[in-house]
Amino acid sequence: MGRYIIVTHVGTSVLRCVNNELLPFVDRVQQLHKEDKVVLAYTSNRGRMKLRQKQVIILSLDEALLEGIRLGVEEIIVLPLHVVGGGDYVQIHEQVALLDRGKQIKALKPLLSTEENCVQLAACIRKSVDMSGINKPILCIGHGVDDESHKWYEVLEERLINEGLECVVDTLCSSKNDLISRLQDKGYEEVHILPLFVVAGYHVTKDLYDKTDSISQYLLSKGIGVTEHYEGIISDKNIASLYISKLS
């Protein structure tokens, strides 16, 4: 066995996301790194417990780390499926520090942590927009975090504009009124909402598109047309490749 690679996700409990988005990604990583062992782990116990009720067992990050140590591999790699940093990403480093007495464990960076990362992601989104035939402004919405890594959303918007796209990048941390103001200031009367979430879980189906209380419904109530897109970014092969390239 080569390296022990732990693909980590915060922890969706939506079975569709596990089967159609996370596990296919893990399988792709395994196919590309046949000499290594690749496993999926969650940082959230809540998601794991909900899945256990459905007879689906996913390791916690601690369990996965301890298993890698037990196997005696020379190197354990944590590949976090995070868009930016934030509290959960910091927690990963804390867990690694507690167990990494032999300096054999390495936690990789999230998708966006440098200017170049934003350039690469913007190029992938540009390709996806072109392939989808989208000819209206796009609204990319992510989760958002409460530390300095939140700035990468702003940088991403700049890079998307450099790609020639009419766009706004926002997060669930922003108020809906502020979002409306930004869209109206740009003169957008209709937008395609592109989720900046790893999988199309509850944040997408509820926060973005719920029929009673969501960003989509709020935009419609203010006279802005909406086209909904339900794919998580990990389903985009080009974006998935950006995560996988961190293992090189």
# chains A, B, ... in the order shown; residues from 1 in each chain; ligands from 1
$ residues_around --residues "stretch 84-94 of chain A" --least-positions-apart "4" --cutoff "9 Å" --atoms "only C-alpha atoms" --output "number ranges by chain"
A: 10, 43-44, 61, 78, 80, 98-99, 106-107, 109-113, 144-150, 152-153
$ select_by_dssp --residues "stretch 164-240 of chain A" --states "strand (DSSP E or B)" --output "NGL selection string"
:A and (167-171 or 190-195 or 225-228)
$ write_last_selection --atoms "C-alpha atoms" --output "short mmCIF file (atom, residue, chain, number, x, y, z; two decimals), in the first residue's frame"
data_model
loop_
_atom_site.label_atom_id
_atom_site.label_comp_id
_atom_site.auth_asym_id
_atom_site.auth_seq_id
_atom_site.Cartn_x
_atom_site.Cartn_y
_atom_site.Cartn_z
CA CYS A 167 -21.86 37.53 -12.52
CA VAL A 168 -22.25 38.04 -8.81
CA VAL A 169 -20.67 35.74 -6.24
CA ASP A 170 -22.39 35.74 -2.86
CA THR A 171 -22.87 33.50 0.18
CA GLU A 190 -32.74 37.43 -14.61
CA VAL A 191 -30.00 35.15 -13.28
CA HIS A 192 -28.89 31.53 -13.39
CA ILE A 193 -28.12 30.37 -9.86
CA LEU A 194 -25.01 28.18 -9.76
CA PRO A 195 -24.37 26.58 -6.34
CA GLY A 225 -36.17 35.88 -12.85
CA VAL A 226 -34.36 32.72 -11.76
CA THR A 227 -33.12 29.59 -13.48
CA GLU A 228 -32.19 26.93 -10.92
#
$ select_by_dssp --residues "stretch 142-237 of chain A" --states "alpha helix (DSSP H)" --output "PyMOL selection string"
chain A and resi 151-162+176-185+202+215-221+237
$ residues_around --residues "A:Ile77" --least-positions-apart "5" --cutoff "9 Å" --atoms "only C-alpha atoms" --output "number ranges by chain"
A: 3-7, 104-108, 247
$ write_last_selection --atoms "N, CA and C atoms" --output "PDB file, in the first residue's frame"
ATOM      1  N   ARG A   3       0.081   5.553  -0.143  1.00  0.00           N
ATOM      2  CA  ARG A   3      -0.453   6.507   0.824  1.00  0.00           C
ATOM      3  C   ARG A   3      -1.870   6.114   1.258  1.00  0.00           C
ATOM      4  N   TYR A   4      -2.278   6.659   2.381  1.00  0.00           N
ATOM      5  CA  TYR A   4      -3.651   6.498   2.866  1.00  0.00           C
ATOM      6  C   TYR A   4      -4.315   7.863   2.695  1.00  0.00           C
ATOM      7  N   ILE A   5      -5.230   7.972   1.728  1.00  0.00           N
ATOM      8  CA  ILE A   5      -5.858   9.249   1.380  1.00  0.00           C
ATOM      9  C   ILE A   5      -7.256   9.302   1.976  1.00  0.00           C
ATOM     10  N   ILE A   6      -7.498  10.318   2.789  1.00  0.00           N
ATOM     11  CA  ILE A   6      -8.805  10.498   3.429  1.00  0.00           C
ATOM     12  C   ILE A   6      -9.508  11.683   2.774  1.00  0.00           C
ATOM     13  N   VAL A   7     -10.519  11.395   1.962  1.00  0.00           N
ATOM     14  CA  VAL A   7     -11.348  12.448   1.377  1.00  0.00           C
ATOM     15  C   VAL A   7     -12.362  12.865   2.430  1.00  0.00           C
ATOM     16  N   GLN A 104       3.571  12.186   9.946  1.00  0.00           N
ATOM     17  CA  GLN A 104       3.251  11.424   8.741  1.00  0.00           C
ATOM     18  C   GLN A 104       1.929  11.848   8.114  1.00  0.00           C
ATOM     19  N   ILE A 105       1.202  12.771   8.771  1.00  0.00           N
ATOM     20  CA  ILE A 105      -0.119  13.178   8.301  1.00  0.00           C
ATOM     21  C   ILE A 105      -0.044  14.590   7.720  1.00  0.00           C
ATOM     22  N   LYS A 106      -0.674  14.759   6.559  1.00  0.00           N
ATOM     23  CA  LYS A 106      -0.678  16.060   5.893  1.00  0.00           C
ATOM     24  C   LYS A 106      -2.088  16.415   5.469  1.00  0.00           C
ATOM     25  N   ALA A 107      -2.562  17.583   5.887  1.00  0.00           N
ATOM     26  CA  ALA A 107      -3.872  18.078   5.459  1.00  0.00           C
ATOM     27  C   ALA A 107      -3.668  19.076   4.333  1.00  0.00           C
ATOM     28  N   LEU A 108      -4.289  18.820   3.184  1.00  0.00           N
ATOM     29  CA  LEU A 108      -4.127  19.673   2.015  1.00  0.00           C
ATOM     30  C   LEU A 108      -5.001  20.923   2.123  1.00  0.00           C
ATOM     31  N   LEU A 247      -3.305  16.329  -4.873  1.00  0.00           N
ATOM     32  CA  LEU A 247      -2.620  15.118  -4.407  1.00  0.00           C
ATOM     33  C   LEU A 247      -1.283  14.899  -5.106  1.00  0.00           C
TER      34      LEU A 247
END
$ closest_residue --among "A:Lys37, A:Arg52, A:Lys151, A:Lys246" --to "A:Val73" --atoms "only C-alpha atoms"
A:Lys37
$ closest_residue --among "A:Ile76, A:Ile224, A:Cys118, A:Val129" --to "A:Lys103" --atoms "only C-alpha atoms"
A:Ile76
$ closest_residue --among "A:Arg101, A:Gly72, A:Cys140, A:Glu158" --to "A:Val119" --atoms "only C-alpha atoms"
A:Glu158
$ atom_distance --atom1 "atom CA of A:Lys222" --atom2 "atom CA of A:Leu179"
11.1 Å
$ closest_residue --among "A:Asn177, A:Lys34, A:Val26, A:Ile215" --to "A:Met1" --atoms "only C-alpha atoms"
A:Lys34
$ residues_around --residues "A:Arg48" --least-positions-apart "5" --cutoff "12 Å" --atoms "only C-alpha atoms" --output "MDAnalysis selection string"
chainID A and resid 9:15 18 40:43 53:61
$ write_last_selection --atoms "C-alpha atoms" --output "PDB file, in the first residue's frame"
ATOM      1  CA  HIS A   9     -16.559  16.239   3.692  1.00  0.00           C
ATOM      2  CA  VAL A  10     -18.436  18.181   6.344  1.00  0.00           C
ATOM      3  CA  GLY A  11     -21.109  15.514   6.189  1.00  0.00           C
ATOM      4  CA  THR A  12     -24.245  15.526   4.076  1.00  0.00           C
ATOM      5  CA  SER A  13     -26.963  13.148   5.240  1.00  0.00           C
ATOM      6  CA  VAL A  14     -28.678  13.200   1.829  1.00  0.00           C
ATOM      7  CA  LEU A  15     -28.217   9.682   0.457  1.00  0.00           C
ATOM      8  CA  VAL A  18     -23.468  10.322  -1.069  1.00  0.00           C
ATOM      9  CA  LEU A  40     -14.346   8.860   2.670  1.00  0.00           C
ATOM     10  CA  ALA A  41     -14.717  10.467   6.089  1.00  0.00           C
ATOM     11  CA  TYR A  42     -16.979  13.106   7.636  1.00  0.00           C
ATOM     12  CA  THR A  43     -16.058  15.858  10.048  1.00  0.00           C
ATOM     13  CA  GLN A  53     -30.103   5.161  10.536  1.00  0.00           C
ATOM     14  CA  LYS A  54     -30.259   4.355   6.814  1.00  0.00           C
ATOM     15  CA  GLN A  55     -27.678   1.574   7.252  1.00  0.00           C
ATOM     16  CA  VAL A  56     -24.943   3.648   5.600  1.00  0.00           C
ATOM     17  CA  ILE A  57     -21.657   3.697   7.514  1.00  0.00           C
ATOM     18  CA  ILE A  58     -19.143   6.485   6.936  1.00  0.00           C
ATOM     19  CA  LEU A  59     -16.016   6.938   9.027  1.00  0.00           C
ATOM     20  CA  SER A  60     -15.418   9.981  11.179  1.00  0.00           C
ATOM     21  CA  LEU A  61     -12.182  11.815  10.452  1.00  0.00           C
TER      22      LEU A  61
END
$ atom_distance --atom1 "atom CA of A:Leu79" --atom2 "atom CA of A:Tyr209"
29.0 Å
$ residues_around --residues "A:Ala200" --least-positions-apart "3" --cutoff "12 Å" --atoms "only C-alpha atoms" --output "PDB file with C-alpha atoms, in the first residue's frame"
ATOM      1  CA  THR A  12     -24.245  15.526   4.076  1.00  0.00           C
ATOM      2  CA  SER A  13     -26.963  13.148   5.240  1.00  0.00           C
ATOM      3  CA  VAL A  14     -28.678  13.200   1.829  1.00  0.00           C
ATOM      4  CA  LEU A  15     -28.217   9.682   0.457  1.00  0.00           C
ATOM      5  CA  ARG A  16     -28.514  10.894  -3.123  1.00  0.00           C
ATOM      6  CA  CYS A  17     -25.491  13.146  -2.602  1.00  0.00           C
ATOM      7  CA  VAL A  18     -23.468  10.322  -1.069  1.00  0.00           C
ATOM      8  CA  ASN A  19     -24.255   7.841  -3.852  1.00  0.00           C
ATOM      9  CA  ASN A  20     -24.225  10.201  -6.841  1.00  0.00           C
ATOM     10  CA  GLU A  21     -21.586  12.760  -5.904  1.00  0.00           C
ATOM     11  CA  LEU A  22     -19.246  11.832  -3.040  1.00  0.00           C
ATOM     12  CA  GLY A 142     -21.590  29.435  -1.536  1.00  0.00           C
ATOM     13  CA  LEU A 194     -25.006  28.177  -9.758  1.00  0.00           C
ATOM     14  CA  PRO A 195     -24.374  26.578  -6.341  1.00  0.00           C
ATOM     15  CA  LEU A 196     -20.837  26.818  -4.968  1.00  0.00           C
ATOM     16  CA  PHE A 197     -21.461  23.840  -2.712  1.00  0.00           C
ATOM     17  CA  HIS A 203     -28.175  24.039   1.468  1.00  0.00           C
ATOM     18  CA  VAL A 204     -29.031  23.790  -2.213  1.00  0.00           C
ATOM     19  CA  THR A 205     -32.519  22.298  -1.981  1.00  0.00           C
ATOM     20  CA  LYS A 206     -33.604  24.351   1.043  1.00  0.00           C
ATOM     21  CA  ASP A 207     -31.568  27.567   1.332  1.00  0.00           C
ATOM     22  CA  LEU A 208     -31.359  28.190  -2.398  1.00  0.00           C
ATOM     23  CA  TYR A 209     -34.506  26.655  -3.869  1.00  0.00           C
ATOM     24  CA  GLU A 228     -32.191  26.933 -10.918  1.00  0.00           C
ATOM     25  CA  HIS A 229     -29.223  24.582 -11.235  1.00  0.00           C
ATOM     26  CA  TYR A 230     -28.955  21.698  -8.791  1.00  0.00           C
ATOM     27  CA  GLU A 231     -25.468  20.241  -9.344  1.00  0.00           C
ATOM     28  CA  GLY A 232     -22.788  20.315  -6.658  1.00  0.00           C
ATOM     29  CA  ILE A 233     -19.374  21.427  -7.889  1.00  0.00           C
ATOM     30  CA  ILE A 234     -17.845  17.994  -7.298  1.00  0.00           C
ATOM     31  CA  SER A 235     -20.041  16.691 -10.144  1.00  0.00           C
ATOM     32  CA  ASP A 236     -18.167  18.955 -12.569  1.00  0.00           C
TER      33      ASP A 236
END
$ atom_distance --atom1 "atom CA of A:Gln31" --atom2 "atom CA of A:Leu81"
18.0 Å
$ residues_around --residues "A:Lys237" --least-positions-apart "6" --cutoff "10 Å" --atoms "only C-alpha atoms" --output "ChimeraX atom specification"
/A:25,28,124,128
$ write_last_selection --atoms "C-alpha atoms" --output "CSV table (one decimal), in the first residue's frame"
chain,number,residue,atom,x,y,z
A,25,PHE,CA,-15.5,11.2,-6.6
A,28,ARG,CA,-12.3,8.5,-9.3
A,124,CYS,CA,-13.8,25.8,-15.0
A,128,SER,CA,-19.4,24.9,-17.7
$ closest_residue --among "A:Ala240, A:Leu66, A:Leu165, A:Ile180" --to "A:Ile138" --atoms "only C-alpha atoms"
A:Leu165
